[in-house]
>>> print(open('run.txt').read())   # compact mmCIF, C-alpha atoms
# COMPACT_ATOMS: atom_id res chain seq x y z
CA MET A 1 2.54 10.88 -17.92
CA LYS A 2 -1.23 10.91 -17.98
CA PHE A 3 -2.90 9.66 -14.80
CA ALA A 4 -6.46 8.43 -14.31
CA VAL A 5 -7.82 9.40 -10.89
CA ILE A 6 -10.67 6.99 -10.25
CA VAL A 7 -13.78 8.48 -8.63
CA PHE A 8 -16.28 6.35 -6.72
CA PRO A 9 -19.41 7.54 -4.91
CA GLY A 10 -17.91 8.59 -1.59
CA SER A 11 -14.34 9.27 -2.76
CA ASN A 12 -12.99 12.35 -0.98
CA CYS A 13 -9.28 12.37 -1.78
CA ASP A 14 -9.63 12.42 -5.55
CA ARG A 15 -9.01 16.18 -5.68
CA ASP A 16 -5.92 15.78 -3.52
CA LEU A 17 -4.45 13.23 -5.94
CA LEU A 18 -5.30 15.29 -9.01
CA TRP A 19 -3.77 18.40 -7.45
CA ALA A 20 -0.61 16.57 -6.39
CA VAL A 21 0.22 15.11 -9.81
CA LYS A 22 -1.20 17.88 -12.00
CA ASP A 23 -0.62 21.14 -10.16
CA VAL A 24 2.44 20.26 -8.08
CA LEU A 25 4.22 17.68 -10.23
CA GLY A 26 3.10 19.09 -13.58
CA GLU A 27 1.86 15.85 -15.15
CA GLU A 28 -1.47 15.24 -16.91
CA ALA A 29 -4.36 13.89 -14.84
CA GLU A 30 -8.10 13.41 -15.30
CA TYR A 31 -10.96 12.15 -13.20
CA VAL A 32 -12.37 8.82 -14.38
CA ARG A 33 -15.74 7.67 -13.06
CA HIS A 34 -16.29 4.25 -11.52
CA ASP A 35 -18.69 3.25 -14.32
CA VAL A 36 -16.18 3.83 -17.14
CA GLU A 37 -14.88 0.65 -18.79
CA ASN A 38 -11.89 1.91 -20.76
CA LEU A 39 -8.55 3.31 -19.61
CA GLU A 40 -7.02 3.66 -23.05
CA GLY A 41 -4.69 6.64 -23.27
CA PHE A 42 -3.69 6.60 -19.60
CA ASP A 43 -0.23 5.73 -18.31
CA GLY A 44 -1.06 5.30 -14.62
CA VAL A 45 -4.03 4.73 -12.31
CA LEU A 46 -4.51 6.42 -8.94
CA ILE A 47 -7.24 5.16 -6.58
CA PRO A 48 -8.05 7.74 -3.88
CA GLY A 49 -9.04 7.52 -0.27
CA GLY A 50 -12.51 8.16 1.04
CA PHE A 51 -15.55 6.05 1.75
CA SER A 52 -16.51 4.36 -1.51
CA TYR A 53 -20.21 3.51 -1.43
CA GLY A 54 -20.27 4.67 2.18
CA ASP A 55 -18.29 1.66 3.40
CA TYR A 56 -21.65 0.01 4.02
CA LEU A 57 -20.02 -3.42 3.78
CA ARG A 58 -16.31 -3.98 4.23
CA CYS A 59 -14.33 -1.00 3.02
CA GLY A 60 -13.92 -1.32 -0.75
CA ALA A 61 -16.15 -4.41 -0.99
CA ILE A 62 -18.82 -2.70 -3.10
CA ALA A 63 -16.38 -0.63 -5.14
CA ARG A 64 -14.66 -3.88 -6.12
CA PHE A 65 -17.68 -4.68 -8.35
CA SER A 66 -17.67 -1.34 -10.18
CA LYS A 67 -17.26 -1.50 -13.95
CA ILE A 68 -13.87 0.19 -13.83
CA ILE A 69 -12.29 -2.56 -11.70
CA ASN A 70 -11.97 -5.14 -14.48
CA GLU A 71 -10.23 -2.51 -16.57
CA ILE A 72 -7.88 -1.65 -13.68
CA ILE A 73 -7.07 -5.36 -13.35
CA ARG A 74 -6.28 -5.53 -17.09
CA PHE A 75 -4.22 -2.35 -16.76
CA ALA A 76 -2.23 -3.85 -13.86
CA ASN A 77 -1.74 -7.17 -15.65
CA GLU A 78 -0.11 -5.26 -18.50
CA GLY A 79 2.52 -4.03 -16.04
CA LYS A 80 1.31 -0.43 -15.82
CA PRO A 81 1.44 1.42 -12.48
CA VAL A 82 -1.58 1.28 -10.17
CA PHE A 83 -1.53 3.08 -6.83
CA GLY A 84 -4.17 3.03 -4.11
CA THR A 85 -4.07 5.07 -0.93
CA CYS A 86 -6.27 4.47 2.13
CA ASN A 87 -9.64 3.38 0.69
CA GLY A 88 -7.75 2.78 -2.56
CA PHE A 89 -5.56 0.25 -0.73
CA GLN A 90 -8.68 -1.41 0.64
CA ILE A 91 -10.16 -1.62 -2.87
CA LEU A 92 -6.95 -3.18 -4.24
CA THR A 93 -7.08 -5.96 -1.64
CA GLU A 94 -10.78 -6.57 -2.28
CA ALA A 95 -10.07 -6.78 -6.01
CA GLY A 96 -7.32 -9.33 -5.44
CA LEU A 97 -4.57 -7.13 -6.82
CA LEU A 98 -2.86 -7.12 -3.44
CA PRO A 99 -2.92 -9.82 -0.74
CA GLY A 100 -4.41 -9.44 2.73
CA VAL A 101 -7.23 -7.35 4.18
CA LEU A 102 -7.68 -4.11 6.09
CA LEU A 103 -9.48 -4.48 9.43
CA ARG A 104 -10.84 -2.00 11.97
CA ASN A 105 -8.17 -0.07 13.83
CA ARG A 106 -7.23 -1.86 17.02
CA SER A 107 -8.40 1.16 19.03
CA LEU A 108 -11.76 1.10 17.18
CA HIS A 109 -11.32 4.85 16.70
CA PHE A 110 -10.81 6.87 13.53
CA ILE A 111 -7.22 8.12 13.32
CA CYS A 112 -6.22 11.40 11.66
CA LYS A 113 -2.65 12.56 12.20
CA THR A 114 0.86 12.57 10.76
CA VAL A 115 2.82 9.36 11.29
CA SER A 116 6.44 8.32 10.95
CA LEU A 117 7.22 5.72 8.26
CA LYS A 118 10.29 3.68 7.41
CA VAL A 119 11.11 3.02 3.75
CA GLU A 120 11.72 -0.73 3.78
CA ASN A 121 12.13 -1.12 0.02
CA ASN A 122 13.41 1.67 -2.20
CA GLN A 123 13.90 -0.63 -5.18
CA THR A 124 10.30 -0.28 -6.41
CA SER A 125 9.13 2.04 -9.15
CA PHE A 126 7.20 3.97 -6.50
CA THR A 127 10.05 4.51 -4.05
CA SER A 128 13.26 4.85 -6.05
CA GLU A 129 13.65 8.50 -5.02
CA TYR A 130 13.91 7.51 -1.34
CA GLN A 131 16.82 6.04 0.57
CA LYS A 132 16.66 2.54 2.06
CA ASP A 133 15.55 2.76 5.72
CA GLU A 134 14.81 6.47 5.34
CA ILE A 135 12.30 7.86 7.85
CA ILE A 136 9.57 9.98 6.28
CA HIS A 137 6.41 11.62 7.59
CA LEU A 138 2.96 11.41 5.99
CA PRO A 139 -0.62 11.84 7.26
CA VAL A 140 -3.10 9.04 7.84
CA ALA A 141 -6.89 9.34 8.08
CA HIS A 142 -8.69 6.03 8.48
CA GLY A 143 -10.82 3.82 10.66
CA GLU A 144 -9.91 0.52 8.97
CA GLY A 145 -6.17 0.54 8.41
CA ASN A 146 -5.19 -2.53 10.39
CA TYR A 147 -3.43 -4.66 7.77
CA TYR A 148 -3.75 -8.42 8.24
CA CYS A 149 -2.79 -11.56 6.35
CA ASP A 150 -2.09 -15.17 7.29
CA GLU A 151 1.39 -16.40 8.24
CA LYS A 152 2.11 -17.91 4.84
CA THR A 153 1.26 -14.65 3.05
CA LEU A 154 3.34 -12.64 5.51
CA GLU A 155 6.35 -14.86 4.84
CA GLN A 156 5.84 -14.42 1.10
CA LEU A 157 5.67 -10.64 1.52
CA LYS A 158 8.94 -10.72 3.44
CA ASP A 159 10.68 -13.16 1.10
CA ASN A 160 9.69 -11.17 -2.00
CA ASN A 161 10.55 -7.80 -0.41
CA GLN A 162 6.95 -6.66 -0.95
CA ILE A 163 6.68 -4.74 2.31
CA VAL A 164 7.48 -1.22 1.15
CA PHE A 165 6.57 0.98 4.13
CA THR A 166 6.27 0.20 7.83
CA TYR A 167 5.17 2.38 10.72
CA ASN A 168 8.21 3.65 12.58
CA GLY A 169 7.83 3.82 16.34
CA GLU A 170 4.10 4.07 17.01
CA ASN A 171 1.85 1.64 15.15
CA PRO A 172 -1.36 3.72 14.89
CA ASN A 173 -3.79 0.96 13.91
CA GLY A 174 -2.41 -2.41 15.06
CA SER A 175 -1.27 -3.42 11.58
CA LEU A 176 0.49 -6.80 11.37
CA ALA A 177 4.30 -6.43 11.35
CA ASN A 178 3.78 -2.64 11.39
CA ILE A 179 2.89 -2.79 7.68
CA ALA A 180 1.84 0.54 6.17
CA GLY A 181 2.22 -0.26 2.46
CA ILE A 182 2.88 -3.23 0.19
CA VAL A 183 3.50 -3.92 -3.47
CA ASN A 184 2.50 -6.87 -5.65
CA GLU A 185 5.07 -9.43 -6.80
CA LYS A 186 5.44 -7.78 -10.19
CA GLY A 187 6.11 -4.43 -8.51
CA ASN A 188 3.61 -2.29 -10.41
CA VAL A 189 0.69 -2.22 -7.93
CA LEU A 190 1.19 -0.50 -4.59
CA GLY A 191 -1.25 0.12 -1.79
CA MET A 192 -0.67 2.07 1.42
CA MET A 193 -2.77 3.59 4.18
CA PRO A 194 -0.81 6.88 4.54
CA HIS A 195 -1.52 9.68 2.06
CA PRO A 196 1.53 10.81 0.02
CA GLU A 197 -0.71 13.22 -1.92
CA ARG A 198 -1.32 15.13 1.33
CA GLY A 199 2.40 15.54 1.86
CA VAL A 200 3.77 17.20 -1.26
CA GLU A 201 4.47 20.71 0.05
CA HIS A 202 6.06 22.10 3.21
CA LEU A 203 2.90 24.17 3.69
CA LEU A 204 1.08 20.91 4.40
CA GLY A 205 3.58 19.92 7.07
CA SER A 206 5.73 17.63 4.91
CA ASP A 207 6.83 17.28 1.30
CA ASP A 208 7.99 13.68 1.74
CA GLY A 209 5.18 12.45 -0.50
CA LEU A 210 6.43 14.38 -3.52
CA ARG A 211 9.26 11.91 -4.14
CA PHE A 212 6.72 9.10 -4.23
CA PHE A 213 5.06 10.60 -7.32
CA ARG A 214 8.40 11.64 -8.80
CA SER A 215 9.48 8.00 -8.58
CA ILE A 216 6.47 6.89 -10.62
CA VAL A 217 7.12 9.47 -13.33
CA LYS A 218 10.83 8.69 -13.39
CA ASN A 219 10.26 4.96 -13.82
CA TYR A 220 7.17 4.92 -16.03
CA GLY A 221 7.37 8.21 -17.91
CA LYS A 222 8.22 8.60 -21.57
CA VAL A 223 11.95 8.54 -20.86
CA GLY A 224 11.63 6.16 -17.93
CA ILE A 225 12.87 2.61 -17.55
CA LYS A 226 9.52 0.82 -17.60
CA ARG A 227 8.03 1.97 -20.90
>>> encode(input="run.txt", output="structure tokens")
Amino acid sequence: MKFAVIVFPGSNCDRDLLWAVKDVLGEEAEYVRHDVENLEGFDGVLIPGGFSYGDYLRCGAIARFSKIINEIIRFANEGKPVFGTCNGFQILTEAGLLPGVLLRNRSLHFICKTVSLKVENNQTSFTSEYQKDEIIHLPVAHGEGNYYCDEKTLEQLKDNNQIVFTYNGENPNGSLANIAGIVNEKGNVLGMMPHPERGVEHLLGSDDGLRFFRSIVKNYGKVGIKR
């Protein structure tokens, strides 16, 4: 597969994503600037964490109006995989590709540590390499990771099995229903606050994130089931 790693002013996890899919997984990946308007030739989009435009408004609120966003929306509407981690998750909600919002952590403090996650749904194209209810460990690094939505949206997320990851044990940010990651109804857009790209080798403390990217390649690659 060939992945586009989107780079906004203030992105700081773009190199992590590129390294994870290119150097560790062995797939093609290129940086794509926020002002590019064409994603032709790419098979998947990865939106990194960081502080796009300095988070001067709501996190992701300015990035949502970048030129690349309309192309990402078109890309997603065609059923191609779009993944956003941390600030990327925030951008996906601001762009309307995922429901809900990300609020300030309940503690009002920035959190940077490894957390325990439960795989709630392993039937997505991002999680097929995991076991249902498996406990994995990935790092988080955010100040606005408190996921929130109204009651109706929460019920829809539950009914459609769109809650993919939840925090297991400690909820580090106060997120509603312990939600750590969700997918859209079609199943091709996933956002999560934890960083799978920072957990692809034992040297980093965990390689649980590697199966996340392997799932994408398995399901959307040239011999995969989604092409």
>>> atom_distance(input="run.txt", atom1="CA of Tyr148 in chain A", atom2="CA of Thr124 in chain A")
21.9 Å
>>> closest_residue(input="run.txt", among="A:Thr166, A:Gln131, A:Ser206, A:Ser125", to="Leu190 in chain A", atoms="only C-alpha atoms")
A:Ser125
>>> closest_residue(input="run.txt", among="A:Arg106, A:Arg58, A:Arg74, A:Arg64", to="Ser175 in chain A", atoms="all atoms listed in the file")
A:Arg106
>>> closest_residue(input="run.txt", among="A:Cys86, A:Ile69, A:Leu39, A:Leu46", to="Leu102 in chain A", atoms="only C-alpha atoms")
A:Cys86
>>> closest_residue(input="run.txt", among="A:Asn160, A:Asn219, A:Asn188, A:Ser116", to="Val45 in chain A", atoms="only C-alpha atoms")
A:Asn188
>>> atom_distance(input="run.txt", atom1="CA of Ile136 in chain A", atom2="CA of Leu117 in chain A")
5.3 Å
>>> residues_around(input="run.txt", residues="Lys67 in chain A", least_positions_apart="5", cutoff="9 Å", atoms="only C-alpha atoms", output="list in words")
His34, Asp35, Val36 and Glu37 of chain A
>>> build_atoms(input="run.txt", residues="range 210-221 of chain A", atoms="all heavy atoms", output="PDB file, in the frame of the given file")
ATOM      1  N   LEU A 210       6.148  13.946  -2.150  1.00  0.00           N
ATOM      2  CA  LEU A 210       6.430  14.380  -3.520  1.00  0.00           C
ATOM      3  C   LEU A 210       7.357  13.404  -4.229  1.00  0.00           C
ATOM      4  O   LEU A 210       7.175  13.103  -5.410  1.00  0.00           O
ATOM      5  CB  LEU A 210       7.052  15.773  -3.503  1.00  0.00           C
ATOM      6  CG  LEU A 210       7.296  16.423  -4.868  1.00  0.00           C
ATOM      7  CD1 LEU A 210       6.011  16.518  -5.679  1.00  0.00           C
ATOM      8  CD2 LEU A 210       7.912  17.805  -4.688  1.00  0.00           C
ATOM      9  N   ARG A 211       8.326  12.848  -3.516  1.00  0.00           N
ATOM     10  CA  ARG A 211       9.260  11.910  -4.140  1.00  0.00           C
ATOM     11  C   ARG A 211       8.590  10.597  -4.514  1.00  0.00           C
ATOM     12  O   ARG A 211       9.068   9.883  -5.401  1.00  0.00           O
ATOM     13  CB  ARG A 211      10.453  11.668  -3.210  1.00  0.00           C
ATOM     14  CG  ARG A 211      11.455  12.813  -3.221  1.00  0.00           C
ATOM     15  CD  ARG A 211      12.584  12.563  -2.248  1.00  0.00           C
ATOM     16  NE  ARG A 211      12.135  12.655  -0.864  1.00  0.00           N
ATOM     17  CZ  ARG A 211      12.769  12.101   0.162  1.00  0.00           C
ATOM     18  NH1 ARG A 211      13.842  11.357  -0.041  1.00  0.00           N
ATOM     19  NH2 ARG A 211      12.316  12.262   1.395  1.00  0.00           N
ATOM     20  N   PHE A 212       7.487  10.282  -3.854  1.00  0.00           N
ATOM     21  CA  PHE A 212       6.720   9.100  -4.230  1.00  0.00           C
ATOM     22  C   PHE A 212       6.219   9.236  -5.662  1.00  0.00           C
ATOM     23  O   PHE A 212       6.401   8.347  -6.499  1.00  0.00           O
ATOM     24  CB  PHE A 212       5.548   8.929  -3.266  1.00  0.00           C
ATOM     25  CG  PHE A 212       4.698   7.723  -3.524  1.00  0.00           C
ATOM     26  CD1 PHE A 212       5.015   6.493  -2.959  1.00  0.00           C
ATOM     27  CD2 PHE A 212       3.575   7.803  -4.344  1.00  0.00           C
ATOM     28  CE1 PHE A 212       4.229   5.369  -3.214  1.00  0.00           C
ATOM     29  CE2 PHE A 212       2.789   6.696  -4.596  1.00  0.00           C
ATOM     30  CZ  PHE A 212       3.121   5.472  -4.025  1.00  0.00           C
ATOM     31  N   PHE A 213       5.599  10.377  -5.969  1.00  0.00           N
ATOM     32  CA  PHE A 213       5.060  10.600  -7.320  1.00  0.00           C
ATOM     33  C   PHE A 213       6.176  10.841  -8.333  1.00  0.00           C
ATOM     34  O   PHE A 213       6.062  10.452  -9.496  1.00  0.00           O
ATOM     35  CB  PHE A 213       4.072  11.750  -7.288  1.00  0.00           C
ATOM     36  CG  PHE A 213       2.869  11.472  -6.437  1.00  0.00           C
ATOM     37  CD1 PHE A 213       2.728  12.053  -5.184  1.00  0.00           C
ATOM     38  CD2 PHE A 213       1.888  10.587  -6.864  1.00  0.00           C
ATOM     39  CE1 PHE A 213       1.632  11.777  -4.382  1.00  0.00           C
ATOM     40  CE2 PHE A 213       0.788  10.294  -6.069  1.00  0.00           C
ATOM     41  CZ  PHE A 213       0.664  10.902  -4.822  1.00  0.00           C
ATOM     42  N   ARG A 214       7.257  11.464  -7.902  1.00  0.00           N
ATOM     43  CA  ARG A 214       8.400  11.640  -8.800  1.00  0.00           C
ATOM     44  C   ARG A 214       8.984  10.287  -9.200  1.00  0.00           C
ATOM     45  O   ARG A 214       9.437  10.111 -10.330  1.00  0.00           O
ATOM     46  CB  ARG A 214       9.466  12.499  -8.128  1.00  0.00           C
ATOM     47  CG  ARG A 214       9.160  13.991  -8.130  1.00  0.00           C
ATOM     48  CD  ARG A 214      10.236  14.770  -7.400  1.00  0.00           C
ATOM     49  NE  ARG A 214      10.023  16.205  -7.516  1.00  0.00           N
ATOM     50  CZ  ARG A 214      10.660  17.120  -6.778  1.00  0.00           C
ATOM     51  NH1 ARG A 214      11.551  16.710  -5.879  1.00  0.00           N
ATOM     52  NH2 ARG A 214      10.413  18.401  -6.938  1.00  0.00           N
ATOM     53  N   SER A 215       8.976   9.337  -8.276  1.00  0.00           N
ATOM     54  CA  SER A 215       9.480   8.000  -8.580  1.00  0.00           C
ATOM     55  C   SER A 215       8.666   7.351  -9.681  1.00  0.00           C
ATOM     56  O   SER A 215       9.217   6.727 -10.605  1.00  0.00           O
ATOM     57  CB  SER A 215       9.447   7.121  -7.324  1.00  0.00           C
ATOM     58  OG  SER A 215      10.304   7.609  -6.318  1.00  0.00           O
ATOM     59  N   ILE A 216       7.335   7.486  -9.605  1.00  0.00           N
ATOM     60  CA  ILE A 216       6.470   6.890 -10.620  1.00  0.00           C
ATOM     61  C   ILE A 216       6.773   7.477 -11.994  1.00  0.00           C
ATOM     62  O   ILE A 216       6.934   6.745 -12.977  1.00  0.00           O
ATOM     63  CB  ILE A 216       4.984   7.131 -10.275  1.00  0.00           C
ATOM     64  CG1 ILE A 216       4.637   6.504  -8.923  1.00  0.00           C
ATOM     65  CG2 ILE A 216       4.076   6.547 -11.370  1.00  0.00           C
ATOM     66  CD1 ILE A 216       3.225   6.829  -8.445  1.00  0.00           C
ATOM     67  N   VAL A 217       6.872   8.803 -12.052  1.00  0.00           N
ATOM     68  CA  VAL A 217       7.120   9.470 -13.330  1.00  0.00           C
ATOM     69  C   VAL A 217       8.502   9.102 -13.863  1.00  0.00           C
ATOM     70  O   VAL A 217       8.678   8.855 -15.065  1.00  0.00           O
ATOM     71  CB  VAL A 217       6.973  10.994 -13.174  1.00  0.00           C
ATOM     72  CG1 VAL A 217       7.399  11.702 -14.456  1.00  0.00           C
ATOM     73  CG2 VAL A 217       5.538  11.355 -12.826  1.00  0.00           C
ATOM     74  N   LYS A 218       9.473   9.041 -12.973  1.00  0.00           N
ATOM     75  CA  LYS A 218      10.830   8.690 -13.390  1.00  0.00           C
ATOM     76  C   LYS A 218      10.880   7.296 -14.001  1.00  0.00           C
ATOM     77  O   LYS A 218      11.556   7.068 -15.016  1.00  0.00           O
ATOM     78  CB  LYS A 218      11.765   8.755 -12.182  1.00  0.00           C
ATOM     79  CG  LYS A 218      13.170   8.225 -12.451  1.00  0.00           C
ATOM     80  CD  LYS A 218      13.986   8.211 -11.174  1.00  0.00           C
ATOM     81  CE  LYS A 218      15.347   7.572 -11.393  1.00  0.00           C
ATOM     82  NZ  LYS A 218      16.156   7.535 -10.141  1.00  0.00           N
ATOM     83  N   ASN A 219      10.155   6.354 -13.411  1.00  0.00           N
ATOM     84  CA  ASN A 219      10.260   4.960 -13.820  1.00  0.00           C
ATOM     85  C   ASN A 219       9.265   4.543 -14.897  1.00  0.00           C
ATOM     86  O   ASN A 219       9.479   3.539 -15.581  1.00  0.00           O
ATOM     87  CB  ASN A 219      10.107   4.052 -12.600  1.00  0.00           C
ATOM     88  CG  ASN A 219      11.285   4.181 -11.657  1.00  0.00           C
ATOM     89  OD1 ASN A 219      12.427   3.988 -12.062  1.00  0.00           O
ATOM     90  ND2 ASN A 219      11.024   4.522 -10.409  1.00  0.00           N
ATOM     91  N   TYR A 220       8.178   5.292 -15.043  1.00  0.00           N
ATOM     92  CA  TYR A 220       7.170   4.920 -16.030  1.00  0.00           C
ATOM     93  C   TYR A 220       6.921   5.994 -17.086  1.00  0.00           C
ATOM     94  O   TYR A 220       6.134   5.786 -18.006  1.00  0.00           O
ATOM     95  CB  TYR A 220       5.834   4.630 -15.333  1.00  0.00           C
ATOM     96  CG  TYR A 220       5.818   3.335 -14.562  1.00  0.00           C
ATOM     97  CD1 TYR A 220       6.023   3.329 -13.199  1.00  0.00           C
ATOM     98  CD2 TYR A 220       5.588   2.116 -15.205  1.00  0.00           C
ATOM     99  CE1 TYR A 220       6.008   2.147 -12.472  1.00  0.00           C
ATOM    100  CE2 TYR A 220       5.566   0.930 -14.495  1.00  0.00           C
ATOM    101  CZ  TYR A 220       5.771   0.952 -13.127  1.00  0.00           C
ATOM    102  OH  TYR A 220       5.747  -0.221 -12.420  1.00  0.00           O
ATOM    103  N   GLY A 221       7.577   7.143 -16.949  1.00  0.00           N
ATOM    104  CA  GLY A 221       7.370   8.210 -17.910  1.00  0.00           C
ATOM    105  C   GLY A 221       7.966   7.915 -19.262  1.00  0.00           C
ATOM    106  O   GLY A 221       8.584   6.861 -19.480  1.00  0.00           O
TER     107      GLY A 221
END
